[in-house]
$ cat final_18.txt   # compact mmCIF, C-alpha atoms and all ligand atoms
# COMPACT_ATOMS: atom_id res chain seq x y z
CA MET J 1 1.45 30.49 -3.28
CA THR J 2 1.82 31.46 0.38
CA ILE J 3 2.17 27.89 1.59
CA ALA J 4 5.73 26.87 0.80
CA LEU J 5 6.84 23.53 2.13
CA SER J 6 10.27 23.33 3.74
CA GLN J 7 12.79 22.10 1.26
CA PHE J 8 15.24 19.26 1.62
CA ASP J 9 16.77 16.68 -0.71
CA GLU J 10 16.01 13.40 0.97
CA VAL J 11 14.76 11.64 4.06
CA ARG J 12 16.70 8.53 4.98
CA LEU J 13 15.92 5.62 7.26
CA ASP J 14 19.19 3.98 8.17
CA HIS J 15 18.87 0.43 9.57
CA VAL J 16 15.83 1.40 11.63
CA SER J 17 14.37 -1.12 14.03
CA ARG J 18 11.60 -0.93 16.60
CA ASP J 19 10.92 -3.60 19.19
CA PHE J 20 7.90 -3.96 21.45
CA GLY J 21 9.27 -6.21 24.19
CA THR J 22 10.30 -9.38 22.38
CA LEU J 23 8.39 -8.49 19.19
CA ASN J 24 10.55 -7.06 16.41
CA ALA J 25 7.93 -4.82 14.74
CA LEU J 26 10.57 -3.27 12.44
CA ARG J 27 13.82 -4.95 11.54
CA ASP J 28 16.69 -3.19 9.86
CA VAL J 29 14.61 -0.97 7.58
CA SER J 30 16.72 1.20 5.27
CA LEU J 31 15.02 3.49 2.78
CA THR J 32 15.71 6.79 1.05
CA ILE J 33 12.88 9.03 -0.10
CA LYS J 34 13.62 11.93 -2.43
CA ARG J 35 12.01 15.35 -2.27
CA GLY J 36 8.74 15.41 -4.19
CA GLU J 37 8.17 11.66 -4.11
CA PHE J 38 4.90 10.03 -3.18
CA VAL J 39 5.85 6.77 -1.46
CA ALA J 40 3.33 4.17 -0.32
CA LEU J 41 4.09 1.73 2.50
CA LEU J 42 2.07 -1.35 1.59
CA GLY J 43 1.56 -4.67 3.31
CA PRO J 44 -0.83 -6.83 5.29
CA SER J 45 -2.10 -5.99 8.75
CA GLY J 46 0.64 -6.09 11.36
CA CYS J 47 3.57 -5.87 8.89
CA GLY J 48 4.87 -2.66 10.47
CA LYS J 49 3.50 0.12 8.23
CA SER J 50 2.13 2.32 11.02
CA THR J 51 5.17 1.64 13.18
CA THR J 52 7.42 2.89 10.36
CA LEU J 53 5.32 6.03 9.94
CA ASN J 54 5.15 6.68 13.68
CA CYS J 55 8.92 6.30 14.00
CA ILE J 56 9.38 8.86 11.20
CA ALA J 57 6.86 11.21 12.83
CA GLY J 58 8.48 10.84 16.25
CA LEU J 59 5.37 9.38 17.89
CA LEU J 60 7.41 6.25 18.58
CA PRO J 61 11.12 6.19 19.41
CA VAL J 62 13.23 3.84 17.29
CA THR J 63 15.06 1.11 19.18
CA GLY J 64 17.86 0.88 16.62
CA GLY J 65 19.22 2.80 13.64
CA SER J 66 18.61 6.43 12.77
CA ILE J 67 16.44 8.75 10.64
CA TRP J 68 17.86 11.67 8.69
CA LEU J 69 16.59 14.71 6.86
CA ASP J 70 19.54 15.44 4.60
CA LYS J 71 22.45 15.75 7.05
CA SER J 72 20.31 16.39 10.14
CA ARG J 73 19.52 13.49 12.40
CA VAL J 74 15.84 13.69 13.35
CA ASP J 75 15.04 10.51 15.29
CA THR J 76 16.41 12.16 18.44
CA LEU J 77 14.01 15.12 18.05
CA LYS J 78 10.52 15.48 19.51
CA PRO J 79 7.59 15.23 17.05
CA GLU J 80 6.96 19.00 17.13
CA GLU J 81 10.65 19.68 16.50
CA ARG J 82 10.50 17.49 13.39
CA GLY J 83 7.43 19.42 12.24
CA PHE J 84 6.06 16.78 9.88
CA GLY J 85 2.40 16.93 8.81
CA MET J 86 0.30 13.96 9.94
CA VAL J 87 -3.04 12.74 8.58
CA PHE J 88 -4.75 9.86 10.38
CA GLN J 89 -7.50 7.41 9.48
CA ASN J 90 -9.84 8.85 12.14
CA TYR J 91 -9.12 12.51 11.13
CA ALA J 92 -8.22 13.41 14.76
CA LEU J 93 -9.89 16.84 14.53
CA PHE J 94 -10.78 18.92 17.59
CA PRO J 95 -14.57 18.53 17.84
CA HIS J 96 -15.17 21.88 19.59
CA LEU J 97 -13.13 23.92 17.10
CA ASN J 98 -14.54 24.96 13.73
CA VAL J 99 -12.85 24.18 10.42
CA ARG J 100 -10.84 27.40 10.40
CA GLN J 101 -9.68 26.95 13.98
CA ASN J 102 -8.78 23.32 13.38
CA ILE J 103 -6.68 24.24 10.36
CA GLY J 104 -5.02 27.14 12.18
CA PHE J 105 -4.26 25.23 15.38
CA GLY J 106 -0.66 24.31 14.48
CA LEU J 107 0.10 27.84 13.28
CA LYS J 108 -1.26 29.31 16.51
CA MET J 109 0.92 26.95 18.56
CA ARG J 110 3.90 28.17 16.58
CA GLY J 111 3.01 31.78 17.34
CA THR J 112 2.45 32.72 13.69
CA ALA J 113 1.41 36.39 13.24
CA ARG J 114 -2.35 36.82 12.78
CA VAL J 115 -2.35 38.26 9.24
CA GLU J 116 0.00 35.61 7.96
CA MET J 117 -1.98 32.91 9.73
CA GLU J 118 -5.27 34.01 8.14
CA ARG J 119 -3.65 34.13 4.70
CA LYS J 120 -2.25 30.63 5.09
CA ILE J 121 -5.54 29.24 6.36
CA ASP J 122 -7.35 30.81 3.38
CA GLU J 123 -4.92 29.22 1.01
CA ALA J 124 -5.16 25.81 2.69
CA LEU J 125 -8.97 26.04 2.58
CA ALA J 126 -8.82 26.79 -1.14
CA LEU J 127 -6.34 23.98 -1.76
CA VAL J 128 -8.63 21.38 -0.16
CA ARG J 129 -11.71 23.09 -1.66
CA LEU J 130 -13.50 23.82 1.59
CA GLN J 131 -14.26 27.52 1.15
CA GLY J 132 -17.67 28.30 2.57
CA GLN J 133 -17.44 25.50 5.16
CA GLU J 134 -14.95 27.22 7.38
CA HIS J 135 -17.27 28.05 10.29
CA LYS J 136 -18.73 24.56 10.62
CA LEU J 137 -17.75 22.16 13.38
CA PRO J 138 -16.29 18.76 12.41
CA GLY J 139 -19.55 17.07 13.48
CA GLN J 140 -21.39 19.05 10.78
CA LEU J 141 -19.14 17.74 8.00
CA SER J 142 -19.12 14.52 5.98
CA GLY J 143 -16.22 12.07 6.42
CA GLY J 144 -14.64 13.27 3.19
CA GLN J 145 -14.86 16.92 4.27
CA GLN J 146 -13.39 16.07 7.67
CA GLN J 147 -10.48 14.40 5.96
CA ARG J 148 -10.00 17.54 3.82
CA VAL J 149 -9.75 19.56 7.06
CA ALA J 150 -7.19 17.09 8.41
CA ILE J 151 -5.14 17.43 5.22
CA ALA J 152 -5.34 21.22 5.30
CA ARG J 153 -4.21 21.19 8.94
CA ALA J 154 -1.25 18.96 8.06
CA ILE J 155 0.00 21.08 5.16
CA VAL J 156 -0.64 24.57 6.53
CA ILE J 157 2.36 24.24 8.86
CA GLU J 158 4.54 23.87 5.74
CA PRO J 159 6.09 20.55 6.71
CA PRO J 160 9.03 19.05 4.86
CA LEU J 161 7.19 15.71 4.94
CA VAL J 162 3.51 14.77 4.87
CA LEU J 163 2.74 11.45 6.59
CA MET J 164 -0.60 9.76 6.00
CA ASP J 165 -1.83 6.65 7.83
CA GLU J 166 -4.69 4.92 5.96
CA PRO J 167 -6.44 8.28 5.45
CA LEU J 168 -9.22 6.86 3.27
CA SER J 169 -10.15 3.75 5.27
CA ASN J 170 -13.18 5.32 6.97
CA LEU J 171 -14.76 6.56 3.73
CA ASP J 172 -17.23 4.71 1.52
CA ALA J 173 -16.03 3.32 -1.81
CA LYS J 174 -17.12 6.25 -4.00
CA LEU J 175 -15.72 8.92 -1.70
CA ARG J 176 -12.52 6.93 -1.33
CA LEU J 177 -11.92 7.16 -5.09
CA GLU J 178 -12.68 10.87 -5.10
CA MET J 179 -10.39 11.63 -2.14
CA ARG J 180 -7.66 9.45 -3.62
CA ALA J 181 -7.53 11.73 -6.65
CA GLU J 182 -7.69 14.77 -4.37
CA ILE J 183 -4.73 13.61 -2.28
CA ARG J 184 -2.60 13.18 -5.39
CA ARG J 185 -3.70 16.57 -6.75
CA ILE J 186 -2.81 18.31 -3.48
CA HIS J 187 0.55 16.51 -3.38
CA ASN J 188 1.29 17.69 -6.93
CA GLU J 189 0.10 21.26 -6.47
CA LEU J 190 2.20 21.72 -3.33
CA GLY J 191 5.20 19.79 -4.58
CA ALA J 192 4.95 17.85 -1.30
CA THR J 193 6.89 14.79 -0.21
CA THR J 194 4.38 12.23 1.00
CA ILE J 195 4.66 8.90 2.80
CA TYR J 196 1.35 7.07 2.71
CA VAL J 197 0.42 3.92 4.63
CA THR J 198 -2.13 1.56 3.10
CA HIS J 199 -3.03 -2.12 2.97
CA ASP J 200 -4.91 -1.57 -0.30
CA GLN J 201 -2.80 -2.36 -3.36
CA ASP J 202 -5.10 -0.42 -5.71
CA GLU J 203 -4.59 2.67 -3.61
CA ALA J 204 -0.82 2.19 -3.61
CA LEU J 205 -0.70 1.47 -7.35
CA SER J 206 -2.80 4.47 -8.30
CA LEU J 207 -1.26 7.03 -5.93
CA ALA J 208 2.40 6.30 -5.45
CA ASP J 209 5.54 7.00 -7.44
CA ARG J 210 7.18 4.21 -5.48
CA ILE J 211 5.79 1.41 -3.36
CA VAL J 212 7.57 -0.17 -0.41
CA VAL J 213 6.16 -3.60 0.40
CA LEU J 214 6.65 -4.61 4.02
CA ARG J 215 6.23 -7.95 5.65
CA ASP J 216 7.02 -9.03 9.21
CA GLY J 217 8.71 -5.70 9.84
CA MET J 218 11.07 -6.02 6.86
CA ILE J 219 11.16 -4.49 3.40
CA ARG J 220 10.33 -7.18 0.83
CA GLN J 221 10.49 -5.10 -2.33
CA VAL J 222 10.67 -1.47 -3.42
CA GLY J 223 9.68 -0.38 -6.91
CA SER J 224 7.43 1.67 -9.13
CA PRO J 225 3.80 0.55 -9.32
CA LYS J 226 4.51 -0.92 -12.77
CA GLU J 227 7.55 -2.87 -11.54
CA LEU J 228 5.68 -4.33 -8.61
CA TYR J 229 2.59 -5.14 -10.63
CA GLU J 230 4.45 -6.79 -13.49
CA ALA J 231 7.50 -8.20 -11.78
CA PRO J 232 6.95 -9.00 -8.11
CA ALA J 233 10.14 -10.49 -6.73
CA HIS J 234 8.61 -12.81 -4.13
CA LEU J 235 5.51 -14.96 -3.85
CA ASP J 236 3.98 -12.88 -1.04
CA VAL J 237 4.46 -9.66 -3.03
CA ALA J 238 2.91 -11.36 -6.07
CA ASP J 239 -0.04 -12.40 -3.93
CA PHE J 240 -0.48 -8.80 -2.84
CA MET J 241 -0.31 -7.67 -6.46
CA GLY J 242 -3.22 -9.89 -7.43
CA PHE J 243 -1.52 -13.20 -8.30
CA ARG J 244 -4.06 -14.88 -6.03
CA ASN J 245 -3.73 -18.34 -7.56
CA LYS J 246 -0.71 -20.24 -6.33
CA LEU J 247 -0.37 -23.78 -7.58
CA LYS J 248 2.36 -25.98 -6.16
CA GLY J 249 4.33 -28.16 -8.55
CA LYS J 250 7.80 -29.50 -9.49
CA VAL J 251 10.41 -27.81 -11.66
CA ILE J 252 10.88 -29.83 -14.88
CA SER J 253 13.25 -27.44 -16.63
CA ASN J 254 14.63 -23.94 -16.20
CA HIS J 255 16.60 -22.20 -18.95
CA GLY J 256 17.38 -18.51 -19.13
CA GLY J 257 14.73 -17.57 -16.62
CA HIS J 258 11.99 -19.54 -18.33
CA ALA J 259 10.83 -22.52 -16.30
CA VAL J 260 8.45 -25.40 -16.86
CA ILE J 261 6.54 -26.67 -13.83
CA ASP J 262 4.45 -29.81 -13.55
CA VAL J 263 1.29 -29.27 -11.52
CA GLU J 264 -0.72 -32.45 -11.15
CA GLY J 265 0.22 -33.59 -14.65
CA ALA J 266 -0.45 -30.23 -16.31
CA GLN J 267 2.58 -28.28 -17.46
CA PHE J 268 2.85 -24.55 -16.86
CA ARG J 269 5.53 -22.42 -18.54
CA GLY J 270 6.43 -19.06 -17.10
CA LEU J 271 8.99 -16.54 -16.00
CA ALA J 272 11.17 -17.80 -13.15
CA ARG J 273 11.43 -15.01 -10.55
CA GLU J 274 13.85 -16.88 -8.31
CA ASP J 275 16.50 -19.57 -8.47
CA LEU J 276 14.67 -22.79 -9.38
CA PRO J 277 16.78 -25.97 -9.54
CA VAL J 278 15.23 -28.81 -11.56
CA GLY J 279 13.34 -31.28 -9.36
CA THR J 280 12.61 -28.79 -6.58
CA SER J 281 9.20 -27.70 -5.49
CA ALA J 282 7.88 -24.36 -6.84
CA PHE J 283 4.76 -22.21 -7.04
CA VAL J 284 3.04 -21.16 -10.24
CA ALA J 285 1.40 -17.74 -9.63
CA ILE J 286 -1.47 -16.61 -11.85
CA ARG J 287 -3.98 -13.76 -11.68
CA PRO J 288 -7.61 -14.93 -11.68
CA ASP J 289 -8.19 -12.76 -14.78
CA ASP J 290 -5.62 -14.77 -16.71
CA LEU J 291 -6.92 -18.25 -15.93
CA MET J 292 -9.19 -19.31 -18.79
CA LEU J 293 -11.59 -22.19 -19.28
CA THR J 294 -10.50 -24.49 -22.09
CA GLU J 295 -11.29 -27.84 -23.71
CA PRO J 296 -10.06 -31.04 -22.03
CA GLY J 297 -6.70 -32.40 -23.12
CA GLY J 298 -3.34 -30.85 -23.86
CA ASN J 299 -1.80 -29.26 -20.82
CA ALA J 300 -4.98 -28.11 -19.19
CA LEU J 301 -5.40 -28.50 -15.44
CA LYS J 302 -8.51 -30.41 -14.49
CA ALA J 303 -10.61 -29.15 -11.58
CA THR J 304 -14.02 -29.33 -9.96
CA VAL J 305 -16.15 -26.19 -9.68
CA GLU J 306 -16.91 -25.28 -6.07
CA THR J 307 -18.79 -21.98 -6.36
CA ILE J 308 -19.90 -19.71 -9.18
CA GLU J 309 -21.19 -16.14 -8.92
CA TYR J 310 -22.77 -13.89 -11.53
CA ARG J 311 -20.98 -10.52 -11.61
CA GLY J 312 -22.74 -8.78 -14.47
CA ARG J 313 -20.13 -8.86 -17.21
CA GLU J 314 -18.83 -12.29 -16.28
CA PHE J 315 -18.92 -15.15 -13.81
CA VAL J 316 -16.36 -15.57 -11.05
CA GLY J 317 -15.86 -19.04 -9.67
CA THR J 318 -13.73 -21.03 -7.30
CA ALA J 319 -12.50 -24.50 -8.15
CA ARG J 320 -10.39 -27.25 -6.64
CA SER J 321 -7.93 -29.49 -8.42
CA SER J 322 -7.79 -33.25 -7.74
CA GLN J 323 -4.83 -32.67 -5.38
CA GLY J 324 -6.76 -30.08 -3.41
CA ALA J 325 -5.35 -26.81 -4.82
CA ASP J 326 -7.95 -24.04 -4.65
CA PHE J 327 -8.14 -21.23 -7.15
CA VAL J 328 -10.27 -18.44 -8.55
CA PHE J 329 -11.21 -18.16 -12.23
CA ARG J 330 -13.41 -16.06 -14.46
CA SER J 331 -15.71 -17.24 -17.19
CA HIS J 332 -18.05 -15.71 -19.76
CA HIS J 333 -20.56 -18.50 -19.28
CA SER J 334 -21.90 -20.19 -16.19
CA VAL J 335 -20.64 -23.60 -15.08
CA GLU J 336 -22.34 -25.91 -12.60
CA PRO J 337 -20.91 -26.36 -9.09
CA GLY J 338 -19.65 -29.94 -8.87
CA GLY J 339 -18.93 -30.04 -12.62
CA SER J 340 -15.49 -30.59 -14.18
CA ILE J 341 -13.61 -27.78 -15.88
CA HIS J 342 -10.23 -27.45 -17.56
CA LEU J 343 -8.08 -24.42 -17.07
CA THR J 344 -5.21 -22.91 -18.99
CA VAL J 345 -3.18 -19.70 -19.02
CA ALA J 346 -0.93 -17.88 -21.52
CA ASP J 347 2.78 -18.55 -20.76
CA GLU J 348 3.61 -14.85 -20.52
CA ARG J 349 1.04 -14.40 -17.75
CA VAL J 350 2.69 -16.96 -15.44
CA LEU J 351 5.29 -16.22 -12.76
CA ILE J 352 7.17 -18.98 -10.98
CA PHE J 353 8.59 -18.77 -7.47
CA ALA J 354 10.63 -21.13 -5.34
CA ASP J 355 8.81 -22.98 -2.57
CA GLN J 356 10.44 -21.47 0.51
CA ALA J 357 8.93 -24.00 2.93
P1 LIG N 401 -2.37 -2.42 10.49
O1 LIG N 401 -2.64 -2.22 9.05
O2 LIG N 401 -3.18 -3.52 11.11
O3 LIG N 401 -2.37 -1.15 11.30
P2 LIG N 401 0.53 -2.28 10.41
O4 LIG N 401 1.22 -2.85 9.25
O5 LIG N 401 0.39 -0.79 10.47
O6 LIG N 401 -0.87 -2.99 10.57
P3 LIG N 401 1.82 -1.98 12.96
O7 LIG N 401 0.68 -1.26 13.60
O8 LIG N 401 2.99 -1.18 12.56
O9 LIG N 401 1.29 -2.79 11.69
O10 LIG N 401 2.25 -3.15 13.94
C1 LIG N 401 3.38 -3.97 13.70
C2 LIG N 401 3.49 -4.99 14.81
O11 LIG N 401 3.79 -4.34 16.03
C3 LIG N 401 2.21 -5.75 15.06
O12 LIG N 401 2.54 -7.08 15.37
C4 LIG N 401 1.60 -5.04 16.26
O13 LIG N 401 0.80 -5.92 17.00
C5 LIG N 401 2.81 -4.60 17.01
N1 LIG N 401 2.59 -3.35 17.77
C6 LIG N 401 2.27 -2.15 17.25
N2 LIG N 401 2.15 -1.22 18.22
C7 LIG N 401 2.40 -1.85 19.39
C8 LIG N 401 2.45 -1.43 20.77
N3 LIG N 401 2.24 -0.17 21.12
N4 LIG N 401 2.73 -2.37 21.69
C9 LIG N 401 2.98 -3.65 21.35
N5 LIG N 401 2.97 -4.11 20.07
C10 LIG N 401 2.69 -3.22 19.11
$ encode --input "final_18.txt" --output "structure tokens" --more "lines below"
Ligand code: ATP
Amino acid sequence: MTIALSQFDEVRLDHVSRDFGTLNALRDVSLTIKRGEFVALLGPSGCGKSTTLNCIAGLLPVTGGSIWLDKSRVDTLKPEERGFGMVFQNYALFPHLNVRQNIGFGLKMRGTARVEMERKIDEALALVRLQGQEHKLPGQLSGGQQQRVAIARAIVIEPPLVLMDEPLSNLDAKLRLEMRAEIRRIHNELGATTIYVTHDQDEALSLADRIVVLRDGMIRQVGSPKELYEAPAHLDVADFMGFRNKLKGKVISNHGGHAVIDVEGAQFRGLAREDLPVGTSAFVAIRPDDLMLTEPGGNALKATVETIEYRGREFVGTARSSQGADFVFRSHHSVEPGGSIHLTVADERVLIFADQA
């Protein structure tokens, strides 16, 4: 392969912070990314994902801490001196340049010799599977094709790091899935190191080797997709990982990490993810998929159906408990809005978190 990405062992963010006036958009973020990793920065809108990426790229100066590529400090360098590849949500292509010229732009700026430049562009075109489209203008391409051009342009300069900011957000659902697979394929084929910003947990779970969950400018949890999906360490991370139902109750017992919580007279048993003293308030977190309709009695939680929707294979409903807790459930048969239901869940599907309030 002609395109050979610059090699390094790790990129390190060391206590990085970024303020905008009085707003602390990033606070004390420390993170090490190894060569070859695909790392997703995940979190809700405004948590600091793009700020982190822009600080790494050099588009934003840090206001505290430092960024390193092995033993070289890079946060003091200009973006072009860092030479990282960037892919943006809006593609950011030059509209008056054709595909080939767009891809070659960075090489031309660097004064790359013509023959070498053409060879690299050819290889980048092949890698993103755009041969035959090379003389079209961006306006003559679909969104997915434009994003392929943007990716080719980012990797043709042989960057040590590829930075992607929500690259799939402007594509429709089907194309998003296709390009998701393409991005991972290109990462693998090149042996790239990629940092990828998204607010979509499915995207992060399916693409990344490691996910960094941010909130309020701070790292909440770092782990493999499996670790985050199965063992979120905090309630907000659990929420992001699909534990949409959060029922507030009181800790009745807690032994060896297994806690029993009373929620409106129903008892839930589950894995305690945090310190949970008996008598304190806690949240039971459950995925909608795991909440099942059951017969009255036993430990079932009683609730009133609010809405019910037919979704083909099943029904998805919302319900409210007598104390006003709202939750989502699934059912194989329809239930009437306004009717009573009883809900239960398998113990091993329940996580329990302290009530931080
Ligand atoms: P989104 O998914 O909505 O882009 P994000 O997680 O990428 O969110 P950032 O764009 O990094 O979030 O923004 C983090 C915080 O910093 C937000 O509160 C945002 O309003 C603020 N912020 C970002 N850029 C600026 C700026 N140039 N000036 C002032 N505040 C900013």
$ closest_residue --input "final_18.txt" --among "J:Ser281, J:Thr51, J:Ser17, J:Thr22" --to "ligand LIG 401 (chain N)" --atoms "only C-alpha atoms and all ligand atoms"
J:Thr51
$ residues_near_ligand --input "final_18.txt" --ligand "ligand LIG 401 (chain N)" --cutoff "12 Å" --atoms "all atoms listed in the file" --output "PyMOL selection string"
chain J and resi 17-27+41-56+59-61+88-89+164-167+169+196-200+212-219
$ closest_residue --input "final_18.txt" --among "J:Thr294, J:Gln323, J:Gln140, J:Gln146" --to "Ile341 (chain J)" --atoms "all atoms listed in the file"
J:Thr294
$ axis_aligned_box --input "final_18.txt" --around "region 87-104 of chain J" --padding-each-side "4 Å" --output "lines of an AutoDock Vina configuration file"
center_x = -9.1
center_y = 17.4
center_z = 14.1
size_x = 20.1
size_y = 28.0
size_z = 19.0
$ residues_near_point --input "final_18.txt" --point "(7.9, 16.2, -4.9)" --cutoff "10 Å" --atoms "only C-alpha atoms" --output "PyMOL selection string"
chain J and resi 7+9+33-38+161+187-194+209
$ write_last_selection --input "final_18.txt" --atoms "C-alpha atoms" --output "PDB file, in the coordinates of the input"
ATOM      1  CA  GLN J   7      12.790  22.100   1.260  1.00  0.00           C
ATOM      2  CA  ASP J   9      16.770  16.680  -0.710  1.00  0.00           C
ATOM      3  CA  ILE J  33      12.880   9.030  -0.100  1.00  0.00           C
ATOM      4  CA  LYS J  34      13.620  11.930  -2.430  1.00  0.00           C
ATOM      5  CA  ARG J  35      12.010  15.350  -2.270  1.00  0.00           C
ATOM      6  CA  GLY J  36       8.740  15.410  -4.190  1.00  0.00           C
ATOM      7  CA  GLU J  37       8.170  11.660  -4.110  1.00  0.00           C
ATOM      8  CA  PHE J  38       4.900  10.030  -3.180  1.00  0.00           C
ATOM      9  CA  LEU J 161       7.190  15.710   4.940  1.00  0.00           C
ATOM     10  CA  HIS J 187       0.550  16.510  -3.380  1.00  0.00           C
ATOM     11  CA  ASN J 188       1.290  17.690  -6.930  1.00  0.00           C
ATOM     12  CA  GLU J 189       0.100  21.260  -6.470  1.00  0.00           C
ATOM     13  CA  LEU J 190       2.200  21.720  -3.330  1.00  0.00           C
ATOM     14  CA  GLY J 191       5.200  19.790  -4.580  1.00  0.00           C
ATOM     15  CA  ALA J 192       4.950  17.850  -1.300  1.00  0.00           C
ATOM     16  CA  THR J 193       6.890  14.790  -0.210  1.00  0.00           C
ATOM     17  CA  THR J 194       4.380  12.230   1.000  1.00  0.00           C
ATOM     18  CA  ASP J 209       5.540   7.000  -7.440  1.00  0.00           C
TER      19      ASP J 209
END
$ residues_around --input "final_18.txt" --residues "Gly104 (chain J)" --least-positions-apart "3" --cutoff "8 Å" --atoms "all atoms listed in the file" --output "ChimeraX atom specification"
/J:100-101,107-108,117-118,121,153,156
